[in-house]
Every structure is written in C-alpha cells, then in structure tokens.
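Engineer: Quick one: the structure is below, questions incoming.
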Amino acid sequence: MANTKYIFVVGGVASSLGKGIISASLGKLLQARGFSVAIQKLDPYINVDPGTLNPYEHGECYVTQDGAETDLDLGHYERFSNVPTSQANNITTGRIYQNVIEKERRGDYLGQTVQVIPHITDEIKYRIQLLGQTGKYDFVITEIGGTVGDIESLPYIETVRQMRWEMGQDCAVIHLTLVPYLSAAGELKTKPTQHSVKTLLESGVQPDIIVCRTEKPLNDSLRNKIALFCNVKPSSVIESIDARTIYEVPLLMKKEGLDVEILRKTRMPIENEPDLKKWEEFLYRLMHPVSDVTIGLIGKYVELKDAYKSITESFVHAGAANECRVNLRLIHSGEIREDNMEARLEGLDGILVAPGFGSRGIEGKILAIRHAREKKVPFFGICLGMQCAVVEFARNVLNMKSAHSTEMNPNTKFPVIDLMEEQKKIKGMGGTMRLGSYPCRLRKGSRVYQIYQTITIHERHRHRYEFNNDYLEEYQAAGMIPSGINPKENLVEIIELADHPWFIGVQFHPEYRSTVAAPHPLFVDFIKAAILYRNGNK
Ligand code: GLN
C-alpha cells in the first residue's frame with residue numbers, strides 16, 4: 001500500500017459549521033471508492049476526555065467499543081462509515097499534556113527544557129500518525145476542533161504546518177468556512193473567508209481546499225473570487241449548502257467533487273466512481289416515508305439538541321428502515337407531574353426514557369414509565385431509563401413504595417438499583433464507570449431474543465449502578481423478565497415485561513451502535529411496535 005495520506009479539516013469564521021459532518025462525508029466518499037479510511041478528532045480543551053463534561057458543554061459523550069469516552073463527532077464517523085472507532089480516534093489537549101508531563105517525570109527528556117515546540121507538537125504528531133502507522137488505512141482524516149485563531153488551537157495548527165512540510169503531497173488541508181448571506185445587501189460575502197485564510201496563513205498553513213458553508217448557492221464569480229484571494233484553484237472551492245438532512249451531505253460533496261480534489265492533491269488514483277447505491281437507497285427511504293409515528297423522548301436536556309445525538313440519529317436510521325417518519329417530541333421530565341401526565345404524554349406512539357445522571361427530573365421519568373406500562377404504550381428505557389423502569393415496577397407493582405436507586409437515595413429501604421461492588425471503592429470521576437463493550441446473553445424465547453435473533457450480543461456501557469440481584473426473584477414472579485444477562489458477572493442487562501406489547505429496558509447504550517448501514521435492531525423493532533400501536537389506536 002502507498003503511504004497513508006493525512007487529511008486535516010480545520011474550521012474558520014465560526015464554530016458549529018459541521019466539520020464533523022464534512023469529515024464523515026469525505027470519509028464515506030473515499031470508502032465508497034474502495035479506500036480504507038480512519039477519522040479522528042483532536043479537541044483543544046484541557047479536559048483529559050469529554051467523559052466528565054456536562055452535556056451543555058459539547059453535547060453527548062460518545063462511547064467507543066474499547067470504552068473511551070469521546071466527542072460526539074466520533075458518533076458521526078461511525079454512523080457514516082460503519083467502522084468502529086477507538087481511544088486513538090479522539091485526543092484532547094489534556095491527554096497530550098498528561099502524556100508529555102508523565103514522560104518528563106519519568107526522565108524521558110534527559111534534562112531538556114520541555115516546550116510546546118517540539119515536545120507538545122511531537123506528541124500531537126505521534127497521536128495523529130498512530131492510526132496511519134497501523135498500515136491499515138489509505139487515509140487518516142483528522143478533524144481539529146475549535147476555530148482557526150483560537151489560542152488553544154495554535155499547537156495543532158503548528159503541527160499541521162510541520163506535517164505538511166515533512167510529508168508534502170501525502171498531506172492535504174481542508175478549511176471549512178462560512179460564507180454568510182446578507183439579506184439587506186442581497187449578497188453572499190467572502191470577506192470572513194478571506195480573513196480566516198489569512199489567519200491560517202499567519203501560522204504557515206495554506207489550505208488546499210476551501211469548503212464554504214452557505215445558505216445560497218455559490219456562483220462562479222464568487223468561487224473565482226475566493227480562489228483568487230485565498231490562493232486555491234476555483235475547483236478547490238467547494239460549496240456546502242444547507243442540506244435537508246446530514247445524510248445528504250456525502251452526495252452534495254460528491255457533486256462538488258470534494259473526493260476528487262483530495263485524490264488529486266494527494267496523487268491518488270481516480271479510477272472509478274464511488275459506489276453509494278446503498279446510501280442512496282437509505283436516503284430515498286428516509287425522504288419518502290409511508291407512515292409516521294410520534295415518539296416521546298423523556299430526558300432532562302431537551303432544550304439541547306446535541307445531548308441525545310446518538311438516540312435521535314438511531315431513530316432516523318430506524319425510521320428509514322421502517323419507511324416511517326419518526327417525529328420526536330422532546331419532553332422535559334421535570335415538567336411531568338401526576339396532574340398533567342396524561343396531557344403531556346398524549347398522542348405518543350412510543351416512549352423512550354433517556355440515559356442520565358443525578359436526580360433532577362427523576363420522578364417525571366418514573367411517572368412516564370408508569371403511564372407506558374399501564375396504558376401499554378411501547379416503552380424503551382436506556383441505562384437510567386431502564387433503572388427508572390425497575391424502580392417504577394418496585395414501587396407500583398411490588399409494593400415497595402420507597403424503592404429507589406441508591407444514586408438518588410443512598411438510604412432507601414429498597415435499593416433495587418445499587419452500586420456495583422468494584423464501584424464502591426472508586427474515588428475519582430474520570431474514566432471510572434463501567435465503560436465500553438460487554439457481552440450479554442439473551443434468554444431464548446424472550447422478545448429481545450426474537451429481535452436480535454442470536455444468543456450472545458455485545459453492547460456498550462457507561463454507568464456505575466446496576467440492577468440489584470437481591471430482588472430478582474420478586475421481579476420475575478411479578479412478570480418482569482431479566483432477558484439479558486452478563487455471563488461473567490451475572491448482571492441484569494435487559495428487562496422486559498411479559499404482559500406488555502413492547503416494554504424493554506436496557507442497561508447498555510444501543511444508540512452508540514446504530515449506523516446507516518446497520519440500524520440498531522432494538523430501535524428498528526421499537527418503531528415497528530410504535531407503528532402497530534398507532535394503527536391500533538386509529
Ligand atoms: N446514572 C446511572 C448510572 O451511573 C445511569 C447512567 C446512564 O444513564 N448512562 O448507573
């Protein structure tokens with residue numbers, strides 16, 4: 001295989017332009033041409049990983065198979081490419097410094113003064129090349145978080161400069177900028193892009209390709225203008241117009257020739273067209289639903305679009321698989337009370353209670369679950385959502401009125417959800433949960449067995465608390481079935497109700513595994529059940 005090519009994606013003008021989607025789309029196009037691609041994200045903040053971050057900061061924390069708590073963009077990479085990511089795909093400034101400082105303490109630098117250049121930049125370079133050195137990838141796409149000009153991005157941009165210099169045509173830089181439309185002037189404006197490229201040039205980096213986020217199409221004179229001012233060919237000015245769905249972006253990028261430009265810059269063969277047949281079929285199903293359902297997503301971050309990113313995307317995949325439009329109604333659990341619960345939950349064809357931490361809004365979640373259980377509305381509980389279903393069942397079916405998770409009430413008389421033994425010893429918060437992929441054995445004849453069609457599954461976890469097996473017999477006797485068990489530790493990973501059309505709680509996070517190519521079976525079946533429920537209620 002020829003040398004691995006390194007593609008950098010750096011953003012300018014504003015944040016939230018969609019570097020992650022552009023990176024994932026480019027990855028998809030190269031993959032569809034038969035190349036092997038890895039995508040990684042470098043985050044310039046000082047947290048060692050995003051695991052300790054509040055979702056208000058950067059949205060959902062995405063968990064990889066190997067148990068890394070990472071940026072949500074890794075979720076996009078997996079959903080687009082269907083290739084699992086790992087710890088190596090997300091590095092923060094905190095981790096870079098932690099490694100450099102550990103080396104310094106060990107004496108690895110032999111008395112040198114340890115500095116940003118070369119020590120920090122060398123560490124960044126090493127991290128970028130780790131994936132390439134596996135020999136598995138034709139392309140490593142590295143997305144750099146933040147915006148050009150940020151103080152904290154400087155060491156990363158400097159690393160890009162060095163790698164360009166050292167690797168020449170094995171490296172290419174994509175700069176994603178905003179071309180705003182001024183309605184008063186009736187014009188698209190290129191000046192912010194020009195300034196952003198100048199800022200990049202000040203750090204010694206000339207972009208090869210400029211991707212322009214825009215609300216209106218770029219005409220030729222505008223492309224020529226950007227090309228002239230920013231030292232790139234007009235064909236390297238790529239329009240990224242607002243799309244109906246993120247899943248359309250690979251096709252838009254193909255039309256604009258982003259992949260061809262990259263292949264040209266890196267001297268790679270441009271032989272055939274990308275094979276996007278399956279992708280286009282998915283998009284067609286997504287855009288042409290034949291039915292629709294409304295799902296209530298009950299959580300405590302409902303004002304925040306990105307907090308449940310993988311769940312909302314899993315619904316997109318599952319909707320397309322069922323040719324069904326999934327209308328998500330985000331409902332704040334803190335606003336659900338006994339006296340308004342019927343009204344709040346009216347019209348829902350399915351209820352999903354989201355993962356989460358802490359007691360804010362917990363009683364609303366439990367009420368929503370009671371409603372779903374009693375009214376036989378399809379119910380899907382994920383992680384904390386499953387734990388709430390266990391608490392609800394204890395309180396309202398098993399007559400343990402004060403039952404709770406010890407996370408919410410450490411002194412509860414009925415600790416039906418409790419800390420795992422090994423968690424009790426842990427003091428620190430970072431990276432100490434039960435994280436990553438674990439096997440789970442399904443009970444033959446259960447609903448989940450029907451759904452997965454296999455005995456052993458592997459799903460990703462991120463939690464500290466567990467179903468308390470002391471109560472298992474009582475639950476089983478009353479009809480809550482432990483249909484998925486961790487074979488080694490005997491932990492209950494899935495519960496379901498025997499006398500309910502679709503009531504499933506999972507201790508793991510199926511949403512991290514749903515991709516365009518392989519929608520998650522639990523989400524697909526949940527939507528199927530919601531369609532049935534809706535049809536039954538018409
Ligand atoms: N707070 C719960 C626990 O730690 C659930 C976590 C989650 O929903 N991800 O066990």
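Just so we're on the same page: first chain in the structure tokens is A, next is B, and so on; residues restart at 1 for each chain, and ligands are numbered from 1 in the order they show up.
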Can you list every residue in range 101-335 of chain A that DSSP puts in strand (DSSP E or B), as an MDAnalysis selection string?
Structural biologist: chainID A and resid 139:144 171:178 181:182 187:188 209:214 237:241 291:299 324:332
Engineer: With only C-alpha atoms and all ligand atoms counted and 10 Å as the cut-off, give the residues of chain A in contact with ligand 1, each with its shortest interatomic distance in Å and the pair that gives it, as CSV.
Structural biologist:
```
residue,atom,partner,partner_atom_place_in_ligand_line,distance
A:Cys61,CA,ligand 1,9 (N),9.6
A:Val353,CA,ligand 1,8 (O),9.6
A:Ala354,CA,ligand 1,8 (O),7.0
A:Pro355,CA,ligand 1,8 (O),3.3
A:Gly356,CA,ligand 1,8 (O),4.0
A:Phe357,CA,ligand 1,1 (N),3.9
A:Gly358,CA,ligand 1,1 (N),6.2
A:Ser359,CA,ligand 1,1 (N),8.8
A:Gly381,CA,ligand 1,8 (O),9.4
A:Ile382,CA,ligand 1,8 (O),6.6
A:Cys383,CA,ligand 1,8 (O),4.1
A:Leu384,CA,ligand 1,8 (O),3.8
A:Gly385,CA,ligand 1,8 (O),6.8
A:Met386,CA,ligand 1,8 (O),8.3
A:Gln387,CA,ligand 1,5 (C),7.3
A:Cys388,CA,ligand 1,5 (C),9.4
A:Ser405,CA,ligand 1,2 (C),8.8
A:Thr406,CA,ligand 1,10 (O),9.7
A:Glu407,CA,ligand 1,1 (N),6.9
A:Met408,CA,ligand 1,1 (N),8.9
A:Ile417,CA,ligand 1,10 (O),8.3
A:Asp418,CA,ligand 1,10 (O),8.3
A:Leu419,CA,ligand 1,10 (O),7.6
A:Met420,CA,ligand 1,10 (O),9.2
A:Met433,CA,ligand 1,4 (O),7.3
A:Arg434,CA,ligand 1,4 (O),8.5
A:Leu435,CA,ligand 1,9 (N),9.7
A:His461,CA,ligand 1,9 (N),7.5
A:Arg462,CA,ligand 1,9 (N),5.0
A:His463,CA,ligand 1,4 (O),3.6
A:Arg464,CA,ligand 1,4 (O),3.9
A:Tyr465,CA,ligand 1,10 (O),3.5
A:Glu466,CA,ligand 1,10 (O),6.3
A:Phe467,CA,ligand 1,10 (O),9.3
A:Val506,CA,ligand 1,8 (O),9.9
A:Gln507,CA,ligand 1,8 (O),7.8
A:Phe508,CA,ligand 1,9 (N),7.8
A:His509,CA,ligand 1,9 (N),7.6
```
Engineer: Excluding range 390-395 of chain A and any residue of its chain fewer than 6 positions from it, enumerate the residues within 12 Å of it, using only C-alpha atoms, and give them as a ChimeraX atom specification.
Structural biologist: /A:362-374,381-384,401-409,412-418,466-469,471-472,474-476,478-482,492-497,503-507
Engineer: List every residue of range 422-481 of chain A that DSSP, applied to the backbone of this structure, assigns to helix (DSSP H, G or I), and report them as a ChimeraX atom specification.
Structural biologist: /A:422-424,447-452,469-477
Engineer: So that I can see what lies close to Val148 in chain A, please list as a list in words the residues with an atom at most 9 Å from it, counting only C-alpha atoms and leaving out residues fewer than 4 positions away in the same chain.
Structural biologist: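 What passes the distance filter is Val10, Gly11, Gly12, Val13, Ser153, Leu154, Ile157, Ser196, Val197, Thr199 and Leu200 of chain A.
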Engineer: With only C-alpha atoms as the counted atoms, please give the residues lying no more than 8 Å from range 82-99 of chain A, apart from itself and same-chain residues fewer than 2 positions off, as a PyMOL selection string.
Structural biologist: chain A and resi 39-49+64-71+74+77-80+101-103+120+123-124+127+130-131+515-518
Engineer: When you count only C-alpha atoms, which of these residues is closest to Gly27 in chain A: A:Asp306, A:Asp138, A:Glu489, A:Asp108?
Structural biologist: A:Asp138
Engineer: Tell me, as a short mmCIF file (atom, residue, chain, number, x, y, z; two decimals) with N, CA, C and O atoms, in the first residue's frame, which residues lie within 10 Å of range 279-281 of chain A, counting only C-alpha atoms; anything in the same chain fewer than 3 positions away does not count.
Structural biologist:
```cif
data_model
loop_
_atom_site.label_atom_id
_atom_site.label_comp_id
_atom_site.auth_asym_id
_atom_site.auth_seq_id
_atom_site.Cartn_x
_atom_site.Cartn_y
_atom_site.Cartn_z
N LYS A 28 -16.76 8.85 3.97
CA LYS A 28 -17.72 7.98 3.28
C LYS A 28 -17.40 7.88 1.78
O LYS A 28 -17.41 6.80 1.19
N ALA A 32 -16.31 4.69 -0.24
CA ALA A 32 -17.16 4.20 -1.33
C ALA A 32 -16.36 4.05 -2.63
O ALA A 32 -16.84 3.48 -3.60
N PHE A 80 -21.63 7.11 9.69
CA PHE A 80 -21.41 7.24 8.24
C PHE A 80 -20.60 6.07 7.69
O PHE A 80 -20.90 5.56 6.62
N TYR A 247 -27.41 13.35 6.22
CA TYR A 247 -27.10 12.18 5.41
C TYR A 247 -27.07 12.50 3.91
O TYR A 247 -26.70 11.66 3.09
N GLU A 248 -27.49 13.73 3.58
CA GLU A 248 -27.43 14.15 2.19
C GLU A 248 -26.04 14.72 1.86
O GLU A 248 -25.67 14.82 0.69
N PRO A 250 -22.85 13.68 2.05
CA PRO A 250 -21.91 12.96 1.18
C PRO A 250 -22.26 13.11 -0.30
O PRO A 250 -21.37 13.27 -1.14
N LEU A 251 -23.57 13.10 -0.62
CA LEU A 251 -23.96 13.22 -2.03
C LEU A 251 -23.68 14.62 -2.55
O LEU A 251 -23.24 14.81 -3.68
N ASP A 275 -19.21 4.04 -4.98
CA ASP A 275 -20.42 3.23 -5.01
C ASP A 275 -21.29 3.61 -3.82
O ASP A 275 -21.07 3.19 -2.70
N LEU A 276 -22.31 4.42 -4.08
CA LEU A 276 -23.16 4.93 -3.00
C LEU A 276 -24.58 4.39 -3.10
O LEU A 276 -25.52 5.00 -2.58
N TYR A 284 -33.39 7.57 0.12
CA TYR A 284 -34.70 7.55 -0.53
C TYR A 284 -35.78 7.15 0.49
O TYR A 284 -36.83 7.78 0.60
N ARG A 285 -35.47 6.08 1.26
CA ARG A 285 -36.45 5.62 2.26
C ARG A 285 -36.70 6.70 3.31
O ARG A 285 -37.81 6.91 3.75
N LEU A 286 -35.61 7.38 3.66
CA LEU A 286 -35.72 8.44 4.67
C LEU A 286 -36.62 9.57 4.18
O LEU A 286 -37.42 10.13 4.93
N MET A 287 -36.48 9.89 2.90
CA MET A 287 -37.19 11.05 2.35
C MET A 287 -38.61 10.71 1.87
O MET A 287 -39.37 11.60 1.55
N ALA A 320 -36.08 5.12 8.73
CA ALA A 320 -35.85 4.78 7.31
C ALA A 320 -36.04 3.28 7.09
O ALA A 320 -36.67 2.87 6.11
N VAL A 516 -25.98 3.94 9.53
CA VAL A 516 -26.80 3.95 8.32
C VAL A 516 -26.84 2.53 7.71
O VAL A 516 -27.88 2.03 7.32
N ALA A 517 -25.66 1.89 7.67
CA ALA A 517 -25.59 0.57 7.05
C ALA A 517 -26.21 -0.51 7.94
O ALA A 517 -26.68 -1.53 7.45
#
```
Engineer: One decimal, Å: what's the distance from CA of Asn327 in chain A over to CA of Gly75 in chain A, could you say?
Structural biologist: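 Distance reported for this atom pair: 21.2 Å.
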Engineer: Have a look at A:Arg213, A:Lys305, A:Lys300, A:Lys19 and name the one nearest to Ser333 in chain A; count only C-alpha atoms.
Structural biologist: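 Selected residue with least distance to Ser333 in chain A: A:Lys300.
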Engineer: What lies within 12 Å of Glu346 in chain A using only C-alpha atoms, ignoring chain neighbours under 5 positions off, as a PyMOL selection string?
Structural biologist: chain A and resi 294-296+329+331+336+340-341+351+368+371-372+375+377
Engineer: Could you please take those selected residues and save N, CA and C atoms as a compact mmCIF listing (two decimals), in the first residue's frame?
Structural biologist:
```
# COMPACT_ATOMS: atom_id res chain seq x y z
N THR A 294 -45.15 9.27 16.44
CA THR A 294 -44.60 10.28 17.34
C THR A 294 -44.05 9.58 18.57
N ILE A 295 -42.78 9.82 18.82
CA ILE A 295 -42.11 9.20 19.96
C ILE A 295 -41.78 10.29 20.97
N GLY A 296 -42.09 10.04 22.22
CA GLY A 296 -41.70 10.97 23.27
C GLY A 296 -40.32 10.60 23.79
N ARG A 329 -40.78 13.97 19.97
CA ARG A 329 -41.23 15.05 20.85
C ARG A 329 -40.35 15.00 22.10
N ILE A 331 -39.52 15.83 25.68
CA ILE A 331 -40.32 16.22 26.83
C ILE A 331 -39.43 16.29 28.06
N ILE A 336 -43.10 16.74 34.04
CA ILE A 336 -44.17 15.74 34.09
C ILE A 336 -44.57 15.53 35.55
N ASN A 340 -50.53 16.41 35.38
CA ASN A 340 -50.52 16.80 33.96
C ASN A 340 -50.01 15.69 33.05
N MET A 341 -49.72 14.53 33.66
CA MET A 341 -49.04 13.47 32.92
C MET A 341 -49.83 13.00 31.68
N ILE A 351 -42.64 5.65 23.98
CA ILE A 351 -41.98 6.50 24.98
C ILE A 351 -40.57 5.96 25.20
N ALA A 368 -43.74 8.76 33.68
CA ALA A 368 -43.91 8.45 32.24
C ALA A 368 -43.87 6.94 32.03
N HIS A 371 -47.12 5.35 33.11
CA HIS A 371 -48.11 5.58 32.06
C HIS A 371 -47.91 4.55 30.92
N ALA A 372 -46.65 4.40 30.48
CA ALA A 372 -46.37 3.48 29.36
C ALA A 372 -46.74 2.05 29.75
N LYS A 375 -50.77 1.85 30.27
CA LYS A 375 -51.55 2.12 29.04
C LYS A 375 -51.05 1.29 27.86
N VAL A 377 -48.36 1.48 26.17
CA VAL A 377 -47.66 2.24 25.12
C VAL A 377 -46.25 1.63 24.99
```
